[in-house]
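Participant: Below is the file upload35.cif, with mmCIF, C-alpha atoms and all ligand atoms.
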data_data
#
loop_
_atom_site.group_PDB
_atom_site.id
_atom_site.type_symbol
_atom_site.label_atom_id
_atom_site.label_comp_id
_atom_site.auth_asym_id
_atom_site.auth_seq_id
_atom_site.Cartn_x
_atom_site.Cartn_y
_atom_site.Cartn_z
ATOM 1 C CA MET Y 1 -15.836 -12.295 14.767
ATOM 2 C CA ALA Y 2 -15.232 -8.561 14.466
ATOM 3 C CA GLU Y 3 -18.091 -6.828 12.667
ATOM 4 C CA LYS Y 4 -17.400 -4.169 10.087
ATOM 5 C CA GLN Y 5 -19.645 -1.146 10.517
ATOM 6 C CA HIS Y 6 -19.186 1.429 7.816
ATOM 7 C CA ILE Y 7 -20.109 5.050 8.325
ATOM 8 C CA ASP Y 8 -21.757 6.548 5.277
ATOM 9 C CA ILE Y 9 -19.761 9.395 3.722
ATOM 10 C CA GLU Y 10 -22.803 11.711 3.621
ATOM 11 C CA THR Y 11 -23.377 11.125 7.350
ATOM 12 C CA ILE Y 12 -19.773 12.112 8.063
ATOM 13 C CA LYS Y 13 -20.132 15.280 5.998
ATOM 14 C CA ALA Y 14 -23.296 16.324 7.783
ATOM 15 C CA MET Y 15 -21.984 15.353 11.222
ATOM 16 C CA MET Y 16 -18.723 17.252 10.899
ATOM 17 C CA ASN Y 17 -19.875 20.029 8.547
ATOM 18 C CA LEU Y 18 -17.349 19.025 5.884
ATOM 19 C CA THR Y 19 -17.129 19.674 2.157
ATOM 20 C CA ASP Y 20 -16.269 17.154 -0.552
ATOM 21 C CA GLU Y 21 -12.826 18.725 -0.649
ATOM 22 C CA ASP Y 22 -12.280 17.997 3.051
ATOM 23 C CA LEU Y 23 -12.885 14.339 2.314
ATOM 24 C CA GLU Y 24 -10.461 14.008 -0.582
ATOM 25 C CA LYS Y 25 -7.793 11.480 0.232
ATOM 26 C CA PRO Y 26 -4.203 12.589 -0.106
ATOM 27 C CA LEU Y 27 -2.466 10.792 -2.959
ATOM 28 C CA PRO Y 28 1.173 9.873 -3.467
ATOM 29 C CA LEU Y 29 3.212 12.496 -5.292
ATOM 30 C CA PRO Y 30 5.586 10.584 -7.573
ATOM 31 C CA THR Y 31 9.156 11.837 -7.640
ATOM 32 C CA LYS Y 32 11.539 11.632 -10.599
ATOM 33 C CA TRP Y 33 13.034 8.470 -9.136
ATOM 34 C CA SER Y 34 9.767 6.825 -8.063
ATOM 35 C CA GLN Y 35 7.809 7.616 -11.248
ATOM 36 C CA PRO Y 36 8.591 4.232 -12.885
ATOM 37 C CA PHE Y 37 7.113 2.489 -9.821
ATOM 38 C CA TRP Y 38 3.841 4.424 -10.209
ATOM 39 C CA ASP Y 39 3.790 3.980 -13.990
ATOM 40 C CA ALA Y 40 4.051 0.225 -13.513
ATOM 41 C CA ALA Y 41 1.405 0.207 -10.771
ATOM 42 C CA LYS Y 42 -0.938 1.935 -13.194
ATOM 43 C CA GLN Y 43 -0.433 -1.054 -15.480
ATOM 44 C CA HIS Y 44 -1.083 -3.342 -12.505
ATOM 45 C CA ARG Y 45 2.540 -4.409 -12.298
ATOM 46 C CA LEU Y 46 4.686 -4.302 -9.195
ATOM 47 C CA VAL Y 47 8.279 -3.272 -9.874
ATOM 48 C CA LEU Y 48 11.274 -2.684 -7.628
ATOM 49 C CA ARG Y 49 14.414 -0.660 -8.133
ATOM 50 C CA LYS Y 50 17.476 -2.902 -8.162
ATOM 51 C CA CYS Y 51 21.038 -1.593 -8.144
ATOM 52 C CA SER Y 52 23.027 -2.746 -11.190
ATOM 53 C CA LYS Y 53 26.295 -2.511 -9.273
ATOM 54 C CA CYS Y 54 25.625 -4.400 -6.025
ATOM 55 C CA GLY Y 55 22.203 -5.946 -6.564
ATOM 56 C CA ASN Y 56 20.616 -4.173 -3.601
ATOM 57 C CA ILE Y 57 16.887 -3.522 -3.910
ATOM 58 C CA ASP Y 58 15.531 -0.306 -2.429
ATOM 59 C CA HIS Y 59 11.921 0.221 -1.536
ATOM 60 C CA PRO Y 60 10.591 2.858 -1.496
ATOM 61 C CA PRO Y 61 12.693 3.618 -4.580
ATOM 62 C CA TYR Y 62 15.416 6.125 -3.844
ATOM 63 C CA LEU Y 63 17.502 8.350 -6.098
ATOM 64 C CA TYR Y 64 20.614 6.254 -5.543
ATOM 65 C CA CYS Y 65 21.358 2.846 -4.076
ATOM 66 C CA THR Y 66 21.273 3.107 -0.300
ATOM 67 C CA ASN Y 67 23.889 0.356 -0.072
ATOM 68 C CA CYS Y 68 26.630 1.469 -2.507
ATOM 69 C CA HIS Y 69 25.370 4.906 -3.662
ATOM 70 C CA ALA Y 70 25.427 3.925 -7.344
ATOM 71 C CA ASP Y 71 22.854 5.427 -9.661
ATOM 72 C CA GLU Y 72 22.894 2.609 -12.230
ATOM 73 C CA HIS Y 73 19.797 0.521 -11.716
ATOM 74 C CA GLU Y 74 17.153 -1.585 -13.339
ATOM 75 C CA TRP Y 75 13.491 -2.109 -12.562
ATOM 76 C CA ILE Y 76 12.663 -5.705 -11.794
ATOM 77 C CA GLU Y 77 9.266 -7.339 -11.775
ATOM 78 C CA ALA Y 78 8.289 -8.382 -8.241
ATOM 79 C CA SER Y 79 6.522 -11.694 -7.710
ATOM 80 C CA GLY Y 80 3.645 -9.935 -5.957
ATOM 81 C CA ARG Y 81 3.928 -12.347 -3.062
ATOM 82 C CA GLY Y 82 4.851 -11.554 0.498
ATOM 83 C CA THR Y 83 4.179 -12.227 4.143
ATOM 84 C CA LEU Y 84 2.707 -10.025 6.816
ATOM 85 C CA PHE Y 85 5.358 -8.656 9.169
ATOM 86 C CA ALA Y 86 3.105 -6.501 11.361
ATOM 87 C CA TYR Y 87 -0.297 -4.841 11.191
ATOM 88 C CA ALA Y 88 -2.668 -2.421 12.857
ATOM 89 C CA ILE Y 89 -6.451 -2.367 12.667
ATOM 90 C CA ASN Y 90 -7.645 1.219 12.589
ATOM 91 C CA HIS Y 91 -10.993 1.788 14.299
ATOM 92 C CA PHE Y 92 -10.838 5.560 14.901
ATOM 93 C CA GLY Y 93 -8.473 8.506 15.135
ATOM 94 C CA VAL Y 94 -7.667 8.749 11.420
ATOM 95 C CA PRO Y 95 -8.005 11.832 9.160
ATOM 96 C CA PHE Y 96 -11.561 12.584 7.903
ATOM 97 C CA PRO Y 97 -11.067 11.234 4.353
ATOM 98 C CA PHE Y 98 -10.472 7.777 5.803
ATOM 99 C CA TRP Y 99 -13.482 7.660 8.125
ATOM 100 C CA ALA Y 100 -15.682 5.952 5.579
ATOM 101 C CA ASP Y 101 -13.151 3.112 5.319
ATOM 102 C CA LEU Y 102 -13.098 2.378 9.058
ATOM 103 C CA PRO Y 103 -12.287 -0.102 10.312
ATOM 104 C CA TYR Y 104 -9.380 -0.904 7.992
ATOM 105 C CA VAL Y 105 -6.053 -2.648 8.210
ATOM 106 C CA LEU Y 106 -2.569 -1.270 7.645
ATOM 107 C CA GLY Y 107 0.221 -3.743 7.235
ATOM 108 C CA MET Y 108 3.948 -4.015 6.809
ATOM 109 C CA VAL Y 109 4.528 -6.609 4.118
ATOM 110 C CA ASP Y 110 7.784 -8.456 3.600
ATOM 111 C CA LEU Y 111 8.116 -9.079 -0.122
ATOM 112 C CA GLU Y 112 9.791 -12.188 -1.497
ATOM 113 C CA GLU Y 113 12.475 -9.879 -2.900
ATOM 114 C CA GLY Y 114 13.526 -8.883 0.634
ATOM 115 C CA VAL Y 115 12.049 -5.396 0.930
ATOM 116 C CA ARG Y 116 9.245 -4.207 3.181
ATOM 117 C CA MET Y 117 6.204 -2.303 1.950
ATOM 118 C CA ILE Y 118 3.540 -0.476 3.946
ATOM 119 C CA SER Y 119 0.031 -0.619 2.546
ATOM 120 C CA ASN Y 120 -3.537 -1.654 3.225
ATOM 121 C CA ILE Y 121 -4.436 -5.272 3.828
ATOM 122 C CA VAL Y 122 -7.714 -5.794 2.008
ATOM 123 C CA GLU Y 123 -10.298 -8.511 1.372
ATOM 124 C CA CYS Y 124 -10.073 -9.757 4.945
ATOM 125 C CA ASP Y 125 -13.299 -8.652 6.654
ATOM 126 C CA ASP Y 126 -12.832 -11.188 9.412
ATOM 127 C CA PHE Y 127 -10.024 -9.550 11.352
ATOM 128 C CA GLU Y 128 -9.670 -12.634 13.538
ATOM 129 C CA THR Y 129 -8.010 -14.397 10.620
ATOM 130 C CA ILE Y 130 -5.204 -11.846 10.321
ATOM 131 C CA GLU Y 131 -1.887 -12.910 11.782
ATOM 132 C CA ASN Y 132 1.752 -12.049 11.353
ATOM 133 C CA GLY Y 133 3.489 -14.341 8.898
ATOM 134 C CA MET Y 134 0.362 -14.927 6.827
ATOM 135 C CA GLU Y 135 0.831 -15.165 3.062
ATOM 136 C CA LEU Y 136 -0.268 -12.181 1.018
ATOM 137 C CA GLU Y 137 -0.540 -11.289 -2.640
ATOM 138 C CA VAL Y 138 -0.660 -7.899 -4.281
ATOM 139 C CA VAL Y 139 -3.833 -6.373 -5.721
ATOM 140 C CA PHE Y 140 -4.134 -3.033 -7.456
ATOM 141 C CA ASP Y 141 -6.550 -0.268 -6.499
ATOM 142 C CA ASP Y 142 -7.047 2.395 -9.180
ATOM 143 C CA VAL Y 143 -7.749 5.325 -6.866
ATOM 144 C CA SER Y 144 -7.469 8.052 -9.526
ATOM 145 C CA GLU Y 145 -6.633 8.506 -13.211
ATOM 146 C CA GLU Y 146 -2.979 8.897 -12.308
ATOM 147 C CA ILE Y 147 -2.506 6.811 -9.202
ATOM 148 C CA THR Y 148 -2.922 3.103 -8.616
ATOM 149 C CA LEU Y 149 -2.106 1.805 -5.156
ATOM 150 C CA PRO Y 150 -0.661 -1.655 -4.660
ATOM 151 C CA LYS Y 151 -2.505 -3.261 -1.750
ATOM 152 C CA TRP Y 152 -2.294 -6.742 -0.276
ATOM 153 C CA ARG Y 153 -4.790 -9.506 0.342
ATOM 154 C CA PRO Y 154 -4.546 -12.900 2.020
ATOM 155 C CA VAL Y 155 -3.630 -15.740 -0.347
ATOM 156 C CA LYS Y 156 -6.645 -18.057 -0.556
ATOM 157 C CA LYS Y 157 -5.655 -21.536 0.542
HETATM 158 ZN ZN ZN Y 201 24.202 -0.718 -4.969
#
Would you mind writing the structure in this file as structure tokens?
Facilitator:
Amino acid sequence: MAEKQHIDIETIKAMMNLTDEDLEKPLPLPTKWSQPFWDAAKQHRLVLRKCSKCGNIDHPPYLYCTNCHADEHEWIEASGRGTLFAYAINHFGVPFPFWADLPYVLGMVDLEEGVRMISNIVECDDFETIENGMELEVVFDDVSEEITLPKWRPVKK
């Protein structure tokens, strides 16, 4: 079993002569057309932008439908269920703000609604159990006052 060995944030600061500012994680900057996605995430809801003309769902949300170019759309509630398409376990070589999280998992998640989302796979300390095709469910991480990140965890059998 792969052991998780966290580096303390204060150790990183001292080691690399960094300030608190250097260790601030970059956050998503909502656009006019993605704002509803972030507003919903803040309420711990996962929504997707669905074209009212052709039914295509775009994720990340875009300013028009990437299938038929229509602007008319609705926001639908996603089931919050998906499967793992691919993943990477990061052990090193990431920007400073993420050092304290190492090792961590990034995944490409295929949602039941047919779109693919990139996010962290969490609550899976035993990396040996991670495999493509595994069932995942969304969880919400309130990382700031404004931003909540949808992340994914294995569905407990
Ligand atoms: Zn469309």
Participant: Expand the PyMOL selection byres (((not hetatm)) within 6 of (chain Y and resi 201)) into the individual residues it matches in the shown file, reporting them as an mmCIF file with C-alpha atoms, in the frame of the given file.
Facilitator:
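The resulting expr-v7.cif:
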data_model
loop_
_atom_site.group_PDB
_atom_site.id
_atom_site.type_symbol
_atom_site.label_atom_id
_atom_site.label_comp_id
_atom_site.auth_asym_id
_atom_site.auth_seq_id
_atom_site.Cartn_x
_atom_site.Cartn_y
_atom_site.Cartn_z
ATOM 1 C CA CYS Y 51 21.038 -1.593 -8.144
ATOM 2 C CA LYS Y 53 26.295 -2.511 -9.273
ATOM 3 C CA CYS Y 54 25.625 -4.400 -6.025
ATOM 4 C CA GLY Y 55 22.203 -5.946 -6.564
ATOM 5 C CA ASN Y 56 20.616 -4.173 -3.601
ATOM 6 C CA CYS Y 65 21.358 2.846 -4.076
ATOM 7 C CA ASN Y 67 23.889 0.356 -0.072
ATOM 8 C CA CYS Y 68 26.630 1.469 -2.507
ATOM 9 C CA HIS Y 69 25.370 4.906 -3.662
ATOM 10 C CA ALA Y 70 25.427 3.925 -7.344
#
Participant: Report, in Å with one decimal, the straight-line distance from atom CA of Pro97 of chain Y to atom CA of Ala41 of chain Y.
Facilitator: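 Taking atom CA of Pro97 of chain Y as the start and atom CA of Ala41 of chain Y as the end point, the length is 22.5 Å.
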Participant: What residues come out when you apply the PyMOL selection byres (((chain Y and resi 72-81) around 8) and not hetatm) to this file, written as a PyMOL selection string?
Facilitator: chain Y and resi 45-53+64+70-71+82-83+111-113+135-138
Participant: Quick one: contact table of segment 32-111 of chain Y to segment 15-22 of chain Y, 12 Å max, nearest atom pair and distance in Å to one decimal per residue, counting only C-alpha atoms, chain and number order, as CSV?
Facilitator:
residue,atom,partner,partner_atom,distance
Y:Pro95,CA,Y:Asp22,CA,9.7
Y:Phe96,CA,Y:Asp22,CA,7.3
Y:Pro97,CA,Y:Asp22,CA,7.0
Y:Phe98,CA,Y:Asp22,CA,10.7
Y:Trp99,CA,Y:Met16,CA,11.3
Participant: Would you work out the distance separating atom CA of Lys25 of chain Y from atom CA of Ile9 of chain Y, expressed in Å to one decimal?
Facilitator: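 Result for atom CA of Lys25 of chain Y versus atom CA of Ile9 of chain Y: 12.6 Å, one decimal.
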Participant: Which of these residues is nearest to Leu63 of chain Y, using all atoms listed in the file: Y:Gln35, Y:Gly114, Y:Glu131, Y:Met108?
Facilitator: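 Smallest separation from Leu63 of chain Y among the options: Y:Gln35.
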Participant: Taking N, CA and C atoms as the atom set, what does segment 11-43 of chain Y look like once completed, written as a PDB file, keeping the file's coordinate frame?
Facilitator:
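The resulting file, rebuild14.pdb, is reproduced below:
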ATOM      1  N   THR Y  11     -23.166  10.958   5.900  1.00  0.00           N
ATOM      2  CA  THR Y  11     -23.377  11.125   7.350  1.00  0.00           C
ATOM      3  C   THR Y  11     -22.191  11.857   7.968  1.00  0.00           C
ATOM      4  N   ILE Y  12     -20.985  11.469   7.535  1.00  0.00           N
ATOM      5  CA  ILE Y  12     -19.773  12.112   8.063  1.00  0.00           C
ATOM      6  C   ILE Y  12     -19.774  13.597   7.714  1.00  0.00           C
ATOM      7  N   LYS Y  13     -20.120  13.887   6.454  1.00  0.00           N
ATOM      8  CA  LYS Y  13     -20.132  15.280   5.998  1.00  0.00           C
ATOM      9  C   LYS Y  13     -21.092  16.127   6.826  1.00  0.00           C
ATOM     10  N   ALA Y  14     -22.274  15.587   7.034  1.00  0.00           N
ATOM     11  CA  ALA Y  14     -23.296  16.324   7.783  1.00  0.00           C
ATOM     12  C   ALA Y  14     -22.882  16.471   9.241  1.00  0.00           C
ATOM     13  N   MET Y  15     -22.377  15.388   9.819  1.00  0.00           N
ATOM     14  CA  MET Y  15     -21.984  15.353  11.222  1.00  0.00           C
ATOM     15  C   MET Y  15     -20.894  16.377  11.536  1.00  0.00           C
ATOM     16  N   MET Y  16     -19.907  16.441  10.629  1.00  0.00           N
ATOM     17  CA  MET Y  16     -18.723  17.252  10.899  1.00  0.00           C
ATOM     18  C   MET Y  16     -18.701  18.557  10.105  1.00  0.00           C
ATOM     19  N   ASN Y  17     -19.792  18.818   9.356  1.00  0.00           N
ATOM     20  CA  ASN Y  17     -19.875  20.029   8.547  1.00  0.00           C
ATOM     21  C   ASN Y  17     -18.683  20.133   7.581  1.00  0.00           C
ATOM     22  N   LEU Y  18     -18.489  19.084   6.800  1.00  0.00           N
ATOM     23  CA  LEU Y  18     -17.349  19.025   5.884  1.00  0.00           C
ATOM     24  C   LEU Y  18     -17.791  19.154   4.436  1.00  0.00           C
ATOM     25  N   THR Y  19     -16.870  19.596   3.593  1.00  0.00           N
ATOM     26  CA  THR Y  19     -17.129  19.674   2.157  1.00  0.00           C
ATOM     27  C   THR Y  19     -16.532  18.433   1.481  1.00  0.00           C
ATOM     28  N   ASP Y  20     -16.854  18.265   0.210  1.00  0.00           N
ATOM     29  CA  ASP Y  20     -16.269  17.154  -0.552  1.00  0.00           C
ATOM     30  C   ASP Y  20     -14.749  17.244  -0.539  1.00  0.00           C
ATOM     31  N   GLU Y  21     -14.269  18.491  -0.628  1.00  0.00           N
ATOM     32  CA  GLU Y  21     -12.826  18.725  -0.649  1.00  0.00           C
ATOM     33  C   GLU Y  21     -12.143  18.231   0.630  1.00  0.00           C
ATOM     34  N   ASP Y  22     -12.835  18.448   1.766  1.00  0.00           N
ATOM     35  CA  ASP Y  22     -12.280  17.997   3.051  1.00  0.00           C
ATOM     36  C   ASP Y  22     -12.106  16.485   3.087  1.00  0.00           C
ATOM     37  N   LEU Y  23     -12.891  15.804   2.260  1.00  0.00           N
ATOM     38  CA  LEU Y  23     -12.885  14.339   2.314  1.00  0.00           C
ATOM     39  C   LEU Y  23     -12.067  13.705   1.192  1.00  0.00           C
ATOM     40  N   GLU Y  24     -11.340  14.555   0.455  1.00  0.00           N
ATOM     41  CA  GLU Y  24     -10.461  14.008  -0.582  1.00  0.00           C
ATOM     42  C   GLU Y  24      -9.241  13.380   0.058  1.00  0.00           C
ATOM     43  N   LYS Y  25      -8.959  12.152  -0.346  1.00  0.00           N
ATOM     44  CA  LYS Y  25      -7.793  11.480   0.232  1.00  0.00           C
ATOM     45  C   LYS Y  25      -6.502  12.021  -0.374  1.00  0.00           C
ATOM     46  N   PRO Y  26      -5.497  12.199   0.458  1.00  0.00           N
ATOM     47  CA  PRO Y  26      -4.203  12.589  -0.106  1.00  0.00           C
ATOM     48  C   PRO Y  26      -3.660  11.452  -0.969  1.00  0.00           C
ATOM     49  N   LEU Y  27      -3.021  11.811  -2.064  1.00  0.00           N
ATOM     50  CA  LEU Y  27      -2.466  10.792  -2.959  1.00  0.00           C
ATOM     51  C   LEU Y  27      -0.946  10.898  -2.989  1.00  0.00           C
ATOM     52  N   PRO Y  28      -0.289   9.801  -3.335  1.00  0.00           N
ATOM     53  CA  PRO Y  28       1.173   9.873  -3.467  1.00  0.00           C
ATOM     54  C   PRO Y  28       1.562  10.887  -4.534  1.00  0.00           C
ATOM     55  N   LEU Y  29       2.654  11.586  -4.300  1.00  0.00           N
ATOM     56  CA  LEU Y  29       3.212  12.496  -5.292  1.00  0.00           C
ATOM     57  C   LEU Y  29       4.482  11.857  -5.840  1.00  0.00           C
ATOM     58  N   PRO Y  30       4.407  11.260  -7.033  1.00  0.00           N
ATOM     59  CA  PRO Y  30       5.586  10.584  -7.573  1.00  0.00           C
ATOM     60  C   PRO Y  30       6.757  11.555  -7.737  1.00  0.00           C
ATOM     61  N   THR Y  31       7.941  11.066  -7.425  1.00  0.00           N
ATOM     62  CA  THR Y  31       9.156  11.837  -7.640  1.00  0.00           C
ATOM     63  C   THR Y  31       9.789  11.341  -8.937  1.00  0.00           C
ATOM     64  N   LYS Y  32      10.842  12.039  -9.373  1.00  0.00           N
ATOM     65  CA  LYS Y  32      11.539  11.632 -10.599  1.00  0.00           C
ATOM     66  C   LYS Y  32      11.996  10.169 -10.485  1.00  0.00           C
ATOM     67  N   TRP Y  33      12.478   9.809  -9.291  1.00  0.00           N
ATOM     68  CA  TRP Y  33      13.034   8.470  -9.136  1.00  0.00           C
ATOM     69  C   TRP Y  33      11.990   7.403  -8.770  1.00  0.00           C
ATOM     70  N   SER Y  34      10.789   7.837  -8.365  1.00  0.00           N
ATOM     71  CA  SER Y  34       9.767   6.825  -8.063  1.00  0.00           C
ATOM     72  C   SER Y  34       8.741   6.696  -9.181  1.00  0.00           C
ATOM     73  N   GLN Y  35       8.803   7.604 -10.177  1.00  0.00           N
ATOM     74  CA  GLN Y  35       7.809   7.616 -11.248  1.00  0.00           C
ATOM     75  C   GLN Y  35       7.646   6.243 -11.928  1.00  0.00           C
ATOM     76  N   PRO Y  36       8.758   5.544 -12.241  1.00  0.00           N
ATOM     77  CA  PRO Y  36       8.591   4.232 -12.885  1.00  0.00           C
ATOM     78  C   PRO Y  36       7.779   3.240 -12.047  1.00  0.00           C
ATOM     79  N   PHE Y  37       7.900   3.347 -10.712  1.00  0.00           N
ATOM     80  CA  PHE Y  37       7.113   2.489  -9.821  1.00  0.00           C
ATOM     81  C   PHE Y  37       5.621   2.747 -10.020  1.00  0.00           C
ATOM     82  N   TRP Y  38       5.252   4.051 -10.067  1.00  0.00           N
ATOM     83  CA  TRP Y  38       3.841   4.424 -10.209  1.00  0.00           C
ATOM     84  C   TRP Y  38       3.321   4.130 -11.610  1.00  0.00           C
ATOM     85  N   ASP Y  39       4.193   4.314 -12.616  1.00  0.00           N
ATOM     86  CA  ASP Y  39       3.790   3.980 -13.990  1.00  0.00           C
ATOM     87  C   ASP Y  39       3.452   2.497 -14.096  1.00  0.00           C
ATOM     88  N   ALA Y  40       4.283   1.673 -13.475  1.00  0.00           N
ATOM     89  CA  ALA Y  40       4.051   0.225 -13.513  1.00  0.00           C
ATOM     90  C   ALA Y  40       2.774  -0.130 -12.750  1.00  0.00           C
ATOM     91  N   ALA Y  41       2.596   0.493 -11.588  1.00  0.00           N
ATOM     92  CA  ALA Y  41       1.405   0.207 -10.771  1.00  0.00           C
ATOM     93  C   ALA Y  41       0.133   0.491 -11.570  1.00  0.00           C
ATOM     94  N   LYS Y  42       0.200   1.565 -12.354  1.00  0.00           N
ATOM     95  CA  LYS Y  42      -0.938   1.935 -13.194  1.00  0.00           C
ATOM     96  C   LYS Y  42      -1.285   0.814 -14.186  1.00  0.00           C
ATOM     97  N   GLN Y  43      -0.234   0.098 -14.583  1.00  0.00           N
ATOM     98  CA  GLN Y  43      -0.433  -1.054 -15.480  1.00  0.00           C
ATOM     99  C   GLN Y  43      -0.644  -2.342 -14.687  1.00  0.00           C
TER     100      GLN Y  43
END
